[in-house]
Every structure is written in C-alpha cells, then in structure tokens.
>>> print(open('work27.cif').read())   # mmCIF, C-alpha atoms
data_work
loop_
_atom_site.label_atom_id
_atom_site.label_comp_id
_atom_site.auth_asym_id
_atom_site.auth_seq_id
_atom_site.Cartn_x
_atom_site.Cartn_y
_atom_site.Cartn_z
CA MET F 1 19.48 271.00 97.33
CA GLY F 2 17.94 273.70 95.15
CA PHE F 3 16.66 271.04 92.75
CA LYS F 4 14.78 269.26 95.56
CA VAL F 5 13.13 272.48 96.76
CA SER F 6 11.98 273.26 93.24
CA LEU F 7 10.53 269.77 92.84
CA ILE F 8 8.57 270.05 96.09
CA ARG F 9 7.14 273.41 95.03
CA GLN F 10 6.06 271.97 91.69
CA LYS F 11 4.24 269.12 93.44
CA ARG F 12 2.46 271.60 95.71
CA TYR F 13 1.38 273.72 92.76
CA LEU F 14 0.21 270.64 90.92
CA LEU F 15 -1.83 269.46 93.94
CA LEU F 16 -3.36 272.91 94.36
CA ALA F 17 -4.27 272.98 90.66
CA VAL F 18 -5.94 269.56 90.92
CA ILE F 19 -7.98 270.71 93.94
CA MET F 20 -9.11 273.87 92.16
CA ILE F 21 -10.11 271.92 89.04
CA ALA F 22 -12.12 269.45 91.20
CA VAL F 23 -13.96 272.31 92.91
CA LEU F 24 -14.75 273.96 89.57
CA LEU F 25 -16.04 270.68 88.12
CA TYR F 26 -18.25 270.12 91.19
CA TRP F 27 -19.87 273.53 90.95
CA LEU F 28 -20.25 273.21 87.16
CA PHE F 29 -21.95 269.80 87.54
CA HIS F 30 -24.25 271.16 90.30
CA PHE F 31 -25.20 274.20 88.20
CA MET F 32 -25.97 272.11 85.13
CA SER F 33 -28.01 269.59 87.10
CA GLN F 34 -30.13 272.35 88.61
CA ASN F 35 -30.62 274.13 85.28
CA GLN F 36 -30.45 271.29 82.77
CA ARG F 37 -33.95 272.09 81.45
CA TYR F 38 -32.57 275.34 80.02
CA PHE F 39 -29.83 273.67 78.02
CA GLY F 40 -29.99 272.15 74.56
CA SER F 41 -33.13 273.10 72.68
CA GLY F 42 -34.42 275.41 75.43
CA SER F 43 -37.68 273.48 75.77
CA PRO F 44 -38.88 272.09 79.18
CA THR F 45 -37.48 268.66 80.02
CA THR F 46 -39.65 267.82 83.07
CA GLY F 47 -42.24 265.38 81.76
CA VAL F 48 -45.50 264.71 83.60
CA LEU F 49 -48.76 262.85 83.10
CA ALA F 50 -51.88 264.99 83.41
CA THR F 51 -55.59 264.45 84.03
CA LYS F 52 -58.64 266.59 84.72
CA ILE F 53 -60.46 267.22 88.00
CA GLN F 54 -63.76 265.35 87.97
CA GLN F 55 -67.04 266.29 89.61
CA ILE F 56 -69.26 263.49 90.96
CA PRO F 57 -72.30 263.14 93.26
CA TRP F 58 -71.09 261.92 96.65
CA GLN F 59 -72.49 261.20 100.09
CA ALA F 60 -70.38 261.02 103.25
CA THR F 61 -70.61 257.66 105.00
CA TYR F 62 -69.44 256.09 108.25
CA GLN F 63 -67.74 252.68 108.00
CA THR F 64 -68.05 250.06 110.75
CA VAL F 65 -68.33 246.31 111.28
CA GLY F 66 -71.46 244.40 112.32
CA SER F 67 -72.66 240.85 113.02
CA PHE F 68 -75.72 239.08 111.67
CA ILE F 69 -78.34 237.75 114.06
CA THR F 70 -81.67 236.04 113.39
CA VAL F 71 -84.99 237.83 113.42
CA HIS F 72 -86.56 234.64 114.82
CA GLY F 73 -84.61 231.79 116.35
CA VAL F 74 -85.73 229.07 118.75
CA ALA F 75 -84.50 225.80 120.21
CA ILE F 76 -87.48 223.47 119.84
CA SER F 77 -87.85 221.11 122.80
CA SER F 78 -90.33 218.60 124.20
CA GLU F 79 -92.78 219.48 126.96
CA ILE F 80 -93.60 215.86 127.82
CA THR F 81 -91.93 212.51 128.36
CA GLY F 82 -92.41 210.00 125.58
CA THR F 83 -90.95 207.96 122.74
CA ILE F 84 -90.49 209.42 119.25
CA SER F 85 -92.77 207.60 116.81
CA GLN F 86 -92.26 209.69 113.65
CA ILE F 87 -89.70 212.20 112.29
CA ASN F 88 -90.72 214.31 109.27
CA PHE F 89 -87.67 216.50 108.63
CA ARG F 90 -84.07 216.42 107.40
CA SER F 91 -81.07 218.38 108.61
CA GLY F 92 -81.02 221.89 107.13
CA GLN F 93 -84.51 221.60 105.68
CA HIS F 94 -86.62 224.71 105.13
CA VAL F 95 -90.05 224.40 106.76
CA SER F 96 -93.18 226.52 106.89
CA LYS F 97 -95.16 227.57 109.92
CA GLY F 98 -97.37 224.69 111.13
CA ASP F 99 -95.42 221.87 109.43
CA VAL F 100 -95.27 218.70 111.56
CA LEU F 101 -91.65 218.08 112.53
CA LEU F 102 -92.05 214.97 114.63
CA LYS F 103 -94.57 212.98 116.68
CA ILE F 104 -94.29 211.35 120.09
CA ASP F 105 -96.13 208.11 120.72
CA ASP F 106 -99.63 209.10 121.94
CA SER F 107 -101.36 205.70 121.77
CA GLU F 108 -102.05 205.63 125.52
CA LEU F 109 -103.54 209.12 125.50
CA GLN F 110 -105.61 208.27 122.41
CA ALA F 111 -107.08 205.30 124.29
CA GLN F 112 -107.95 207.54 127.23
CA LEU F 113 -109.58 210.01 124.83
CA SER F 114 -111.73 207.26 123.28
CA GLN F 115 -112.86 206.12 126.74
CA LYS F 116 -113.75 209.65 127.82
CA GLU F 117 -115.58 210.36 124.57
CA ALA F 118 -117.67 207.22 125.12
CA GLN F 119 -118.47 208.31 128.66
CA LEU F 120 -119.35 211.77 127.37
CA THR F 121 -121.75 210.29 124.80
CA LEU F 122 -123.51 208.29 127.51
CA ALA F 123 -123.62 211.32 129.84
CA GLU F 124 -125.12 213.44 127.06
CA LEU F 125 -127.89 210.90 126.40
CA ASN F 126 -128.66 210.69 130.11
CA PHE F 127 -128.66 214.48 130.46
CA ASN F 128 -131.08 214.95 127.53
CA ARG F 129 -133.42 212.27 128.93
CA ILE F 130 -133.46 213.83 132.41
CA ARG F 131 -134.05 217.30 130.92
CA ARG F 132 -137.21 215.99 129.17
CA LEU F 133 -138.40 214.37 132.42
CA LEU F 134 -137.80 217.63 134.27
CA ASN F 135 -139.98 219.47 131.74
CA GLU F 136 -142.73 216.92 132.49
CA ASN F 137 -142.21 217.38 136.25
CA ALA F 138 -141.38 213.68 136.47
CA ILE F 139 -138.00 214.13 138.15
CA SER F 140 -136.48 216.36 140.81
CA LYS F 141 -134.35 219.43 140.06
CA SER F 142 -131.42 217.94 142.00
CA SER F 143 -131.29 214.91 139.66
CA TYR F 144 -131.20 217.27 136.68
CA ASP F 145 -128.38 219.32 138.24
CA GLN F 146 -126.35 216.18 138.93
CA ALA F 147 -126.76 214.90 135.36
CA LYS F 148 -125.76 218.31 133.96
CA ALA F 149 -122.66 218.46 136.18
CA THR F 150 -121.61 214.97 135.09
CA TYR F 151 -122.00 215.91 131.42
CA ASN F 152 -120.02 219.17 131.79
CA GLU F 153 -117.25 217.39 133.71
CA LEU F 154 -116.81 214.74 131.04
CA ALA F 155 -116.96 217.36 128.28
CA GLY F 156 -114.13 219.26 130.03
CA ALA F 157 -112.12 216.07 130.41
CA VAL F 158 -112.42 215.34 126.70
CA LYS F 159 -111.24 218.88 125.80
CA GLN F 160 -108.31 218.59 128.22
CA THR F 161 -107.22 215.27 126.72
CA GLN F 162 -107.48 216.70 123.21
CA ALA F 163 -105.32 219.65 124.31
CA ASP F 164 -102.76 217.30 125.86
CA LEU F 165 -102.51 215.44 122.54
CA ASN F 166 -101.18 218.62 120.92
CA TYR F 167 -97.99 218.25 122.97
CA TYR F 168 -97.32 214.92 121.23
CA THR F 169 -97.14 216.60 117.80
CA ILE F 170 -94.24 219.07 117.39
CA ARG F 171 -94.87 221.72 114.73
CA ALA F 172 -92.75 224.56 113.29
CA PRO F 173 -93.72 227.81 115.06
CA PHE F 174 -92.67 229.94 112.05
CA ASP F 175 -91.06 229.72 108.61
CA GLY F 176 -87.37 228.96 108.83
CA THR F 177 -84.44 226.60 108.38
CA LEU F 178 -83.84 223.65 110.68
CA GLY F 179 -80.49 222.74 112.18
CA LEU F 180 -78.86 219.32 112.37
CA ARG F 181 -81.05 216.33 113.15
CA THR F 182 -79.68 214.32 116.09
CA LEU F 183 -82.84 212.29 116.85
CA ASN F 184 -84.03 208.81 115.92
CA VAL F 185 -87.37 207.02 115.94
CA GLY F 186 -87.81 205.15 119.21
CA GLN F 187 -85.68 207.58 121.19
CA LEU F 188 -87.01 208.60 124.61
CA VAL F 189 -87.37 212.34 125.15
CA GLN F 190 -88.12 214.23 128.31
CA PRO F 191 -89.29 217.79 129.07
CA ARG F 192 -86.77 220.45 127.93
CA THR F 193 -84.94 217.92 125.73
CA LEU F 194 -83.57 219.79 122.70
CA LEU F 195 -85.16 218.38 119.54
CA VAL F 196 -83.84 220.73 116.82
CA ASN F 197 -82.93 224.39 116.25
CA LEU F 198 -85.07 226.53 113.97
CA GLN F 199 -83.78 229.82 112.54
CA GLN F 200 -85.39 232.34 110.22
CA TYR F 201 -82.81 233.76 107.81
CA ASN F 202 -85.04 235.92 105.62
CA PRO F 203 -85.01 238.66 106.56
CA ILE F 204 -81.98 238.73 108.85
CA TYR F 205 -80.81 241.37 111.32
CA LEU F 206 -77.45 243.11 111.28
CA GLU F 207 -76.27 244.40 114.65
CA PHE F 208 -73.59 247.10 114.88
CA SER F 209 -72.60 250.06 117.02
CA LEU F 210 -72.35 253.77 116.22
CA PRO F 211 -70.35 256.47 118.06
CA GLN F 212 -72.47 259.05 119.83
CA THR F 213 -71.35 261.64 117.26
CA TYR F 214 -73.44 259.99 114.56
CA VAL F 215 -76.38 258.82 116.65
CA SER F 216 -79.71 260.31 115.61
CA ARG F 217 -83.28 259.06 115.74
CA SER F 218 -83.60 260.17 112.13
CA LEU F 219 -81.39 257.21 111.20
CA ILE F 220 -84.39 254.88 111.58
CA GLY F 221 -85.65 254.02 108.11
CA LYS F 222 -82.41 254.98 106.37
CA SER F 223 -80.83 252.62 103.85
CA ILE F 224 -77.39 251.15 104.47
CA LYS F 225 -74.89 249.26 102.31
CA VAL F 226 -73.57 245.95 103.62
CA GLU F 227 -70.52 244.11 102.29
CA GLY F 228 -70.22 240.43 103.21
CA SER F 229 -67.60 237.84 102.27
CA LEU F 230 -69.29 234.85 100.60
CA ASN F 231 -67.53 232.01 98.79
CA THR F 232 -64.21 233.91 98.95
CA GLN F 233 -65.87 236.86 97.17
CA ASN F 234 -67.31 240.09 98.48
CA LYS F 235 -71.00 240.62 97.86
CA TYR F 236 -73.09 243.70 98.55
CA PHE F 237 -76.51 243.83 100.18
CA LYS F 238 -78.89 246.66 100.99
CA GLY F 239 -80.75 247.02 104.25
CA THR F 240 -82.79 249.41 106.36
CA ILE F 241 -82.13 250.60 109.91
CA THR F 242 -85.11 249.47 111.99
CA SER F 243 -84.26 250.32 115.60
CA ILE F 244 -81.74 252.02 117.87
CA ASP F 245 -80.97 251.14 121.48
CA SER F 246 -82.21 253.53 124.14
CA GLN F 247 -78.94 253.80 126.10
CA LEU F 248 -75.30 254.45 125.26
CA ASN F 249 -72.57 252.04 126.31
CA ALA F 250 -70.86 253.85 129.18
CA ASP F 251 -67.41 252.45 128.30
CA SER F 252 -67.29 252.92 124.53
CA ARG F 253 -69.85 255.75 124.20
CA THR F 254 -71.52 253.89 121.38
CA LEU F 255 -75.11 252.90 120.70
CA MET F 256 -76.31 249.55 119.34
CA VAL F 257 -78.24 249.68 116.05
CA LEU F 258 -80.30 247.01 114.27
CA ALA F 259 -80.81 246.89 110.51
CA GLU F 260 -83.00 244.48 108.55
CA ILE F 261 -81.39 242.84 105.50
CA PRO F 262 -83.43 240.94 102.86
CA ASN F 263 -81.89 237.47 102.50
CA PRO F 264 -84.11 235.54 100.05
CA ASN F 265 -81.43 232.98 99.16
CA ASN F 266 -80.37 232.39 102.78
CA GLU F 267 -76.80 233.40 101.88
CA LEU F 268 -76.29 235.29 105.14
CA MET F 269 -76.20 233.33 108.38
CA PRO F 270 -76.21 234.30 112.07
CA GLY F 271 -72.72 234.94 113.40
CA MET F 272 -71.25 236.19 110.11
CA PHE F 273 -69.73 239.67 110.12
CA ALA F 274 -69.94 242.38 107.47
CA GLN F 275 -68.66 245.85 106.62
CA VAL F 276 -71.36 248.49 107.00
CA SER F 277 -71.61 251.89 105.27
CA ILE F 278 -74.03 254.33 106.90
CA PRO F 279 -74.85 257.65 105.20
CA ILE F 280 -74.17 260.60 107.49
CA SER F 281 -74.79 263.49 105.09
CA LYS F 282 -76.90 264.47 102.11
CA LYS F 283 -75.73 263.82 98.56
CA GLN F 284 -73.68 266.65 97.12
CA GLN F 285 -71.45 267.45 94.14
CA VAL F 286 -67.75 267.11 94.98
CA LEU F 287 -64.38 267.27 93.21
CA MET F 288 -62.32 264.12 92.75
CA VAL F 289 -58.68 263.51 91.69
CA PRO F 290 -56.47 260.41 91.46
CA SER F 291 -54.67 259.55 94.70
CA SER F 292 -51.35 259.73 92.79
CA ALA F 293 -51.94 263.48 92.30
CA ILE F 294 -52.02 264.14 96.05
CA LEU F 295 -48.76 265.23 97.71
CA ASN F 296 -48.12 265.68 101.43
CA SER F 297 -45.49 267.79 103.15
CA LEU F 298 -44.82 269.41 106.51
CA TYR F 299 -46.82 272.40 105.29
CA GLY F 300 -49.96 270.48 104.27
CA THR F 301 -51.54 268.65 101.37
CA TYR F 302 -51.43 269.97 97.82
CA ILE F 303 -51.73 269.20 94.11
CA PHE F 304 -50.19 270.80 91.02
CA VAL F 305 -52.65 272.62 88.76
CA LEU F 306 -51.46 273.15 85.16
CA GLN F 307 -52.02 276.47 83.40
CA HIS F 308 -50.46 278.37 80.51
CA ASN F 309 -48.11 281.28 81.21
CA GLY F 310 -47.40 284.35 79.07
CA LYS F 311 -45.02 282.34 76.86
CA ASN F 312 -47.77 279.78 76.16
CA GLN F 313 -45.92 277.24 78.28
CA LEU F 314 -47.54 274.93 80.84
CA GLU F 315 -46.72 275.83 84.42
CA ALA F 316 -47.35 273.63 87.45
CA ILE F 317 -48.93 275.73 90.20
CA GLN F 318 -48.76 274.24 93.69
CA THR F 319 -52.30 274.45 95.11
CA PRO F 320 -53.29 273.55 98.71
CA VAL F 321 -56.22 271.12 99.09
CA ASP F 322 -58.14 269.29 101.80
CA ALA F 323 -58.43 265.53 101.28
CA ILE F 324 -61.95 264.71 102.51
CA ALA F 325 -62.29 260.97 101.84
CA ASP F 326 -60.98 258.09 99.75
CA HIS F 327 -63.15 256.87 96.88
CA GLY F 328 -61.48 253.72 95.55
CA ASP F 329 -58.19 254.84 93.96
CA GLN F 330 -59.50 258.42 93.87
CA VAL F 331 -59.63 261.12 96.55
CA ILE F 332 -62.46 263.54 97.28
CA ILE F 333 -60.93 267.01 97.72
CA SER F 334 -61.84 270.63 98.32
CA GLY F 335 -59.76 273.73 97.75
CA LYS F 336 -59.93 277.40 96.91
CA GLY F 337 -60.22 278.12 93.20
CA LEU F 338 -60.58 274.49 92.15
CA ARG F 339 -63.25 273.49 89.63
CA SER F 340 -64.27 270.56 87.50
CA GLY F 341 -62.27 270.14 84.28
CA GLN F 342 -59.06 271.79 85.47
CA LEU F 343 -55.88 270.11 84.24
CA ILE F 344 -53.65 268.76 87.02
CA VAL F 345 -50.49 266.67 87.30
CA LYS F 346 -51.39 262.99 87.73
CA MET F 347 -47.89 261.46 87.76
CA GLY F 348 -44.49 263.07 88.25
CA ALA F 349 -45.55 265.79 90.69
CA PHE F 350 -43.03 264.74 93.36
CA LYS F 351 -40.12 266.27 91.36
CA LEU F 352 -41.79 269.64 90.66
CA ARG F 353 -41.56 273.10 92.17
CA SER F 354 -44.33 275.67 91.98
CA HIS F 355 -44.44 277.69 88.71
CA GLU F 356 -42.08 275.26 87.03
CA THR F 357 -42.69 274.70 83.32
CA VAL F 358 -43.53 271.14 82.34
CA GLN F 359 -44.04 269.01 79.27
CA LEU F 360 -46.93 266.57 78.92
CA ILE F 361 -46.02 263.01 78.05
CA GLY F 362 -48.20 260.05 77.15
#
>>> encode(input="work27.cif", output="structure tokens")
Amino acid sequence: MGFKVSLIRQKRYLLLAVIMIAVLLYWLFHFMSQNQRYFGSGSPTTGVLATKIQQIPWQATYQTVGSFITVHGVAISSEITGTISQINFRSGQHVSKGDVLLKIDDSELQAQLSQKEAQLTLAELNFNRIRRLLNENAISKSSYDQAKATYNELAGAVKQTQADLNYYTIRAPFDGTLGLRTLNVGQLVQPRTLLVNLQQYNPIYLEFSLPQTYVSRSLIGKSIKVEGSLNTQNKYFKGTITSIDSQLNADSRTLMVLAEIPNPNNELMPGMFAQVSIPISKKQQVLMVPSSAILNSLYGTYIFVLQHNGKNQLEAIQTPVDAIADHGDQVIISGKGLRSGQLIVKMGAFKLRSHETVQLIG
C-alpha cells in the first residue's frame, strides 16, 4: 500500500516538473523571438530595402470617361425623284468639299432647258428689235412692255431650270469620309432617300461630363490628355476644351463639356470612348515615394524615414503622411518635415516599429 502511494506521488511530481519546464521553454522562446536582434554579434538583424524621396513637377488632374462625336456629320439624301445615272465614290472613301458623289438622270430636264434657251434667244431678238422701233416712235409703248415681259419671263424660266438641274448632281457638302455604298446605277431614288453618310473625323469632338465642383468657364481653351484604345494598344492624344454647356444636369449635377481633338489619320471614330485627364490645378513641386513604402493602419497613413542615431546606427522613424494621388507605381505625398532626398524604407517596412534599428540590404 505504501509503495503505491509513493509511486503516485512520484508521477505527480514528474508531471508537475514537465509542466514547469514547458512553461519555462515557452517564455524563453518568446523572449528570444522578441529580442533575437540583440543576440549573436549584437548587430541589427532586420533587413530593409531603402530609397530616397523624389521631388517632381506635378499637376492635379480629374479623370473621367468621354465619347467621340463628329464635328460635322450628315446623311446625304435626294431631294427629287429620279434614276441614278452615275456613281463616283467607293465605300469609306475620303472626299473633299464640292466633289461629285453621284448623278441622277437629268436628260428630260436638259431637253426642257434647251427648249427654253431657244425661246429666250428668240424673245431677246424680238425685244431688241421692238426697243429700236420704240426709239424711232414706230411702235406703241404697250408692244414694247409686252416684249420685255416675255423676255424676262423666259429668262427667269431658264434660270429656274438651271437651278433645278443642281438637284440632279449630288456633291459633298464638306471634307469628310463616306460610309458604306448601298446604291447601284439605274436604281430609282425618291425625296429623303438615304444615299450615303458623310462624316468629318478631323478634327473630332470628345464629349464628357464634369462634376459641378470642377466646372469653371476658365476651362475653355485648356489642354486635356486623352487615352484611347486602338488596335489593342492604348494611345494618347491631346485636345483643347472648346465649349461648356450652359446648364447642369439636375440629376447628376454634372455639366457637359466638348473638347476638340486633332485626328489627322482618322484613327478616332464617332462612338468610341476614351479616358480623359483634365488639369484642375497649377503645376507645382511635390514629393513622391514608391507605393510599397506606404503603410496604412487604424491611426492613419505613414512611412518609415531612416536616420542615424547616436551610435551611428540607422533607425526607422515612423512618420505620418498624406497620400495625395497615385502616379503610376509611385504615390504623391505630403507630410511635416519631409524633404527631397531623405532616405526611407522601400521594402520591409511592415515588420518594423518606430525607432527600431535596421540594416540595409541589396
């Protein structure tokens, strides 16, 4: 009986000893992990990559999306009924103002014009003869007036017929690019029949909206940067704001804006969309750091500035900053005491505490 009691006590003591050793090992491991940089050689073991704060000229911009529309665009149609006798264009062809696009058969009207011109010639001869007789007092004034009226009437009829003939020749009203041809010679057309679309692509308008916060009449004449997607690649264009609408949209509180974009190669087409960058401030010198250097917490945004302490060691000083805008893979910042050329932590800042000594790597 006594032997069993002794054995139980030994097991209890052994279990208690194991528990105490486990607790001691846990606290020893925790202490060493928190202070491992002080062990061994005594030099800092927290390695970081560093870079310098840069200063660049920068201008604040507003980003939005717009759509291209034509400066001039028209659906060319017929004003008369007739049969197409000649077509002088191809689908997608560029034409100049005044170019003949097509002709409608005008043979009947040409015959009428020839008849009226012949009658006008005869009326002119008769009028001149009667005017000479009137000067010789060989004819009455009423005969002269009648001959003059006949001449003027026929002259007006000839001019009217010549004007009517203009409707049988369809010309380009301005420089531009034609749409698809859907007509054929011999086809009958009637008034308001669509013949072909004509669009002017150079220059081209970009239409977009601005919130009321950024609306200002001083925007007219300002340059903008336009990014369009062409042939699976992004291409940049420059334009100028030409006009601003006179009334805000009551629902969105935005104002429509038009900008003119040079398009000499007709790369941009109506209906395409583009990213627009509008300057909203003057150019100024700002500080810029890599986005990897920016850290965020519940207490704000900050970076780690590196400086030497009294032991000539590099310390990482946690410094609050305001992130103003993205600039590619960089960030425009502002902050008290920051200046161009200061050394900061670029990579590895997430594991640091303020005033911790660090070692540069790379």
>>> closest_residue(input="work27.cif", among="F:Phe304, F:Tyr62, F:Phe208, F:Phe174", to="Glu260 of chain F", atoms="all atoms listed in the file")
F:Phe208
>>> atom_distance(input="work27.cif", atom1="atom CA of Lys235 of chain F", atom2="atom CA of Leu210 of chain F")
22.6 Å
>>> resolve_selection(input="work27.cif", expression="the PyMOL selection byres ((chain F and resi 254) around 6)", output="compact mmCIF listing (two decimals) with C-alpha atoms, in the coordinates of the input")
# COMPACT_ATOMS: atom_id res chain seq x y z
CA SER F 209 -72.60 250.06 117.02
CA LEU F 210 -72.35 253.77 116.22
CA PRO F 211 -70.35 256.47 118.06
CA GLN F 212 -72.47 259.05 119.83
CA LEU F 248 -75.30 254.45 125.26
CA ASN F 249 -72.57 252.04 126.31
CA SER F 252 -67.29 252.92 124.53
CA ARG F 253 -69.85 255.75 124.20
CA LEU F 255 -75.11 252.90 120.70
>>> residues_around(input="work27.cif", residues="segment 70-86 of chain F", least_positions_apart="6", cutoff="8 Å", atoms="all atoms listed in the file", output="mmCIF file with C-alpha atoms, in the coordinates of the input")
data_model
loop_
_atom_site.group_PDB
_atom_site.id
_atom_site.type_symbol
_atom_site.label_atom_id
_atom_site.label_comp_id
_atom_site.auth_asym_id
_atom_site.auth_seq_id
_atom_site.Cartn_x
_atom_site.Cartn_y
_atom_site.Cartn_z
ATOM 1 C CA LEU F 102 -92.050 214.970 114.630
ATOM 2 C CA LYS F 103 -94.570 212.980 116.680
ATOM 3 C CA ILE F 104 -94.290 211.350 120.090
ATOM 4 C CA ASP F 105 -96.130 208.110 120.720
ATOM 5 C CA TYR F 167 -97.990 218.250 122.970
ATOM 6 C CA TYR F 168 -97.320 214.920 121.230
ATOM 7 C CA ILE F 170 -94.240 219.070 117.390
ATOM 8 C CA ASN F 184 -84.030 208.810 115.920
ATOM 9 C CA VAL F 185 -87.370 207.020 115.940
ATOM 10 C CA GLY F 186 -87.810 205.150 119.210
ATOM 11 C CA GLN F 187 -85.680 207.580 121.190
ATOM 12 C CA LEU F 188 -87.010 208.600 124.610
ATOM 13 C CA VAL F 189 -87.370 212.340 125.150
ATOM 14 C CA GLN F 190 -88.120 214.230 128.310
ATOM 15 C CA PRO F 191 -89.290 217.790 129.070
ATOM 16 C CA ARG F 192 -86.770 220.450 127.930
ATOM 17 C CA THR F 193 -84.940 217.920 125.730
ATOM 18 C CA LEU F 194 -83.570 219.790 122.700
ATOM 19 C CA LEU F 195 -85.160 218.380 119.540
ATOM 20 C CA VAL F 196 -83.840 220.730 116.820
ATOM 21 C CA ASN F 197 -82.930 224.390 116.250
ATOM 22 C CA LEU F 198 -85.070 226.530 113.970
ATOM 23 C CA GLN F 199 -83.780 229.820 112.540
ATOM 24 C CA GLN F 200 -85.390 232.340 110.220
ATOM 25 C CA TYR F 201 -82.810 233.760 107.810
ATOM 26 C CA PRO F 203 -85.010 238.660 106.560
ATOM 27 C CA ILE F 204 -81.980 238.730 108.850
ATOM 28 C CA TYR F 205 -80.810 241.370 111.320
ATOM 29 C CA MET F 269 -76.200 233.330 108.380
ATOM 30 C CA PRO F 270 -76.210 234.300 112.070
#
>>> closest_residue(input="work27.cif", among="F:Ala17, F:Leu101, F:Ala155, F:Ile303", to="Leu178 of chain F", atoms="all atoms listed in the file")
F:Leu101
>>> resolve_selection(input="work27.cif", expression="the PyMOL selection byres ((chain F and resi 114-119) around 10)", output="compact mmCIF listing (two decimals) with C-alpha atoms, in the coordinates of the input")
# COMPACT_ATOMS: atom_id res chain seq x y z
CA LEU F 109 -103.54 209.12 125.50
CA GLN F 110 -105.61 208.27 122.41
CA ALA F 111 -107.08 205.30 124.29
CA GLN F 112 -107.95 207.54 127.23
CA LEU F 113 -109.58 210.01 124.83
CA LEU F 120 -119.35 211.77 127.37
CA THR F 121 -121.75 210.29 124.80
CA LEU F 122 -123.51 208.29 127.51
CA ALA F 123 -123.62 211.32 129.84
CA GLU F 124 -125.12 213.44 127.06
CA THR F 150 -121.61 214.97 135.09
CA TYR F 151 -122.00 215.91 131.42
CA LEU F 154 -116.81 214.74 131.04
CA ALA F 155 -116.96 217.36 128.28
CA GLY F 156 -114.13 219.26 130.03
CA ALA F 157 -112.12 216.07 130.41
CA VAL F 158 -112.42 215.34 126.70
CA LYS F 159 -111.24 218.88 125.80
CA THR F 161 -107.22 215.27 126.72
>>> closest_residue(input="work27.cif", among="F:Leu125, F:Ala349, F:Val215, F:Ile130", to="Ser143 of chain F", atoms="only C-alpha atoms")
F:Ile130
>>> closest_residue(input="work27.cif", among="F:Pro290, F:Pro173, F:Pro262, F:Pro279", to="Val345 of chain F", atoms="all atoms listed in the file")
F:Pro290
>>> residues_around(input="work27.cif", residues="Ser96 of chain F", least_positions_apart="2", cutoff="8 Å", atoms="only C-alpha atoms", output="PDB file with C-alpha atoms, keeping the file's coordinate frame")
ATOM      1  CA  HIS F  94     -86.620 224.710 105.130  1.00  0.00           C
ATOM      2  CA  GLY F  98     -97.370 224.690 111.130  1.00  0.00           C
ATOM      3  CA  ASP F  99     -95.420 221.870 109.430  1.00  0.00           C
ATOM      4  CA  ALA F 172     -92.750 224.560 113.290  1.00  0.00           C
ATOM      5  CA  PHE F 174     -92.670 229.940 112.050  1.00  0.00           C
ATOM      6  CA  ASP F 175     -91.060 229.720 108.610  1.00  0.00           C
ATOM      7  CA  GLY F 176     -87.370 228.960 108.830  1.00  0.00           C
TER       8      GLY F 176
END
>>> decode(input="work27.cif", residues="segment 217-233 of chain F", atoms="N, CA and C atoms", output="mmCIF file, in the first residue's frame")
data_model
loop_
_atom_site.group_PDB
_atom_site.id
_atom_site.type_symbol
_atom_site.label_atom_id
_atom_site.label_comp_id
_atom_site.auth_asym_id
_atom_site.auth_seq_id
_atom_site.Cartn_x
_atom_site.Cartn_y
_atom_site.Cartn_z
ATOM 1 N N ARG F 217 -15.661 78.466 -66.168
ATOM 2 C CA ARG F 217 -15.554 78.988 -67.536
ATOM 3 C C ARG F 217 -14.105 79.134 -67.963
ATOM 4 N N SER F 218 -13.188 79.179 -67.004
ATOM 5 C CA SER F 218 -11.768 79.289 -67.357
ATOM 6 C C SER F 218 -11.234 77.995 -67.959
ATOM 7 N N LEU F 219 -12.020 76.919 -67.927
ATOM 8 C CA LEU F 219 -11.600 75.667 -68.539
ATOM 9 C C LEU F 219 -11.527 75.778 -70.060
ATOM 10 N N ILE F 220 -12.315 76.667 -70.652
ATOM 11 C CA ILE F 220 -12.327 76.818 -72.108
ATOM 12 C C ILE F 220 -10.941 77.257 -72.584
ATOM 13 N N GLY F 221 -10.406 76.501 -73.523
ATOM 14 C CA GLY F 221 -9.065 76.778 -74.033
ATOM 15 C C GLY F 221 -7.979 75.956 -73.371
ATOM 16 N N LYS F 222 -8.314 75.229 -72.291
ATOM 17 C CA LYS F 222 -7.312 74.428 -71.603
ATOM 18 C C LYS F 222 -7.049 73.130 -72.360
ATOM 19 N N SER F 223 -5.819 72.656 -72.268
ATOM 20 C CA SER F 223 -5.433 71.401 -72.906
ATOM 21 C C SER F 223 -5.820 70.223 -72.024
ATOM 22 N N ILE F 224 -6.192 69.114 -72.666
ATOM 23 C CA ILE F 224 -6.519 67.886 -71.956
ATOM 24 C C ILE F 224 -5.739 66.735 -72.574
ATOM 25 N N LYS F 225 -5.603 65.656 -71.815
ATOM 26 C CA LYS F 225 -4.934 64.448 -72.286
ATOM 27 C C LYS F 225 -5.971 63.359 -72.456
ATOM 28 N N VAL F 226 -5.970 62.715 -73.619
ATOM 29 C CA VAL F 226 -6.976 61.716 -73.951
ATOM 30 C C VAL F 226 -6.277 60.391 -74.229
ATOM 31 N N GLU F 227 -6.774 59.327 -73.588
ATOM 32 C CA GLU F 227 -6.218 57.993 -73.802
ATOM 33 C C GLU F 227 -7.277 57.111 -74.454
ATOM 34 N N GLY F 228 -6.983 56.656 -75.678
ATOM 35 C CA GLY F 228 -7.912 55.805 -76.408
ATOM 36 C C GLY F 228 -7.297 54.452 -76.693
ATOM 37 N N SER F 229 -8.137 53.422 -76.778
ATOM 38 C CA SER F 229 -7.673 52.067 -77.054
ATOM 39 C C SER F 229 -7.800 51.800 -78.548
ATOM 40 N N LEU F 230 -6.640 51.671 -79.227
ATOM 41 C CA LEU F 230 -6.607 51.448 -80.669
ATOM 42 C C LEU F 230 -5.734 50.247 -80.978
ATOM 43 N N ASN F 231 -6.279 49.313 -81.750
ATOM 44 C CA ASN F 231 -5.527 48.115 -82.145
ATOM 45 C C ASN F 231 -4.939 47.395 -80.936
ATOM 46 N N THR F 232 -5.780 47.244 -79.902
ATOM 47 C CA THR F 232 -5.434 46.548 -78.652
ATOM 48 C C THR F 232 -4.351 47.280 -77.862
ATOM 49 N N GLN F 233 -3.986 48.487 -78.270
ATOM 50 C CA GLN F 233 -2.995 49.274 -77.541
ATOM 51 C C GLN F 233 -3.573 50.634 -77.173
#
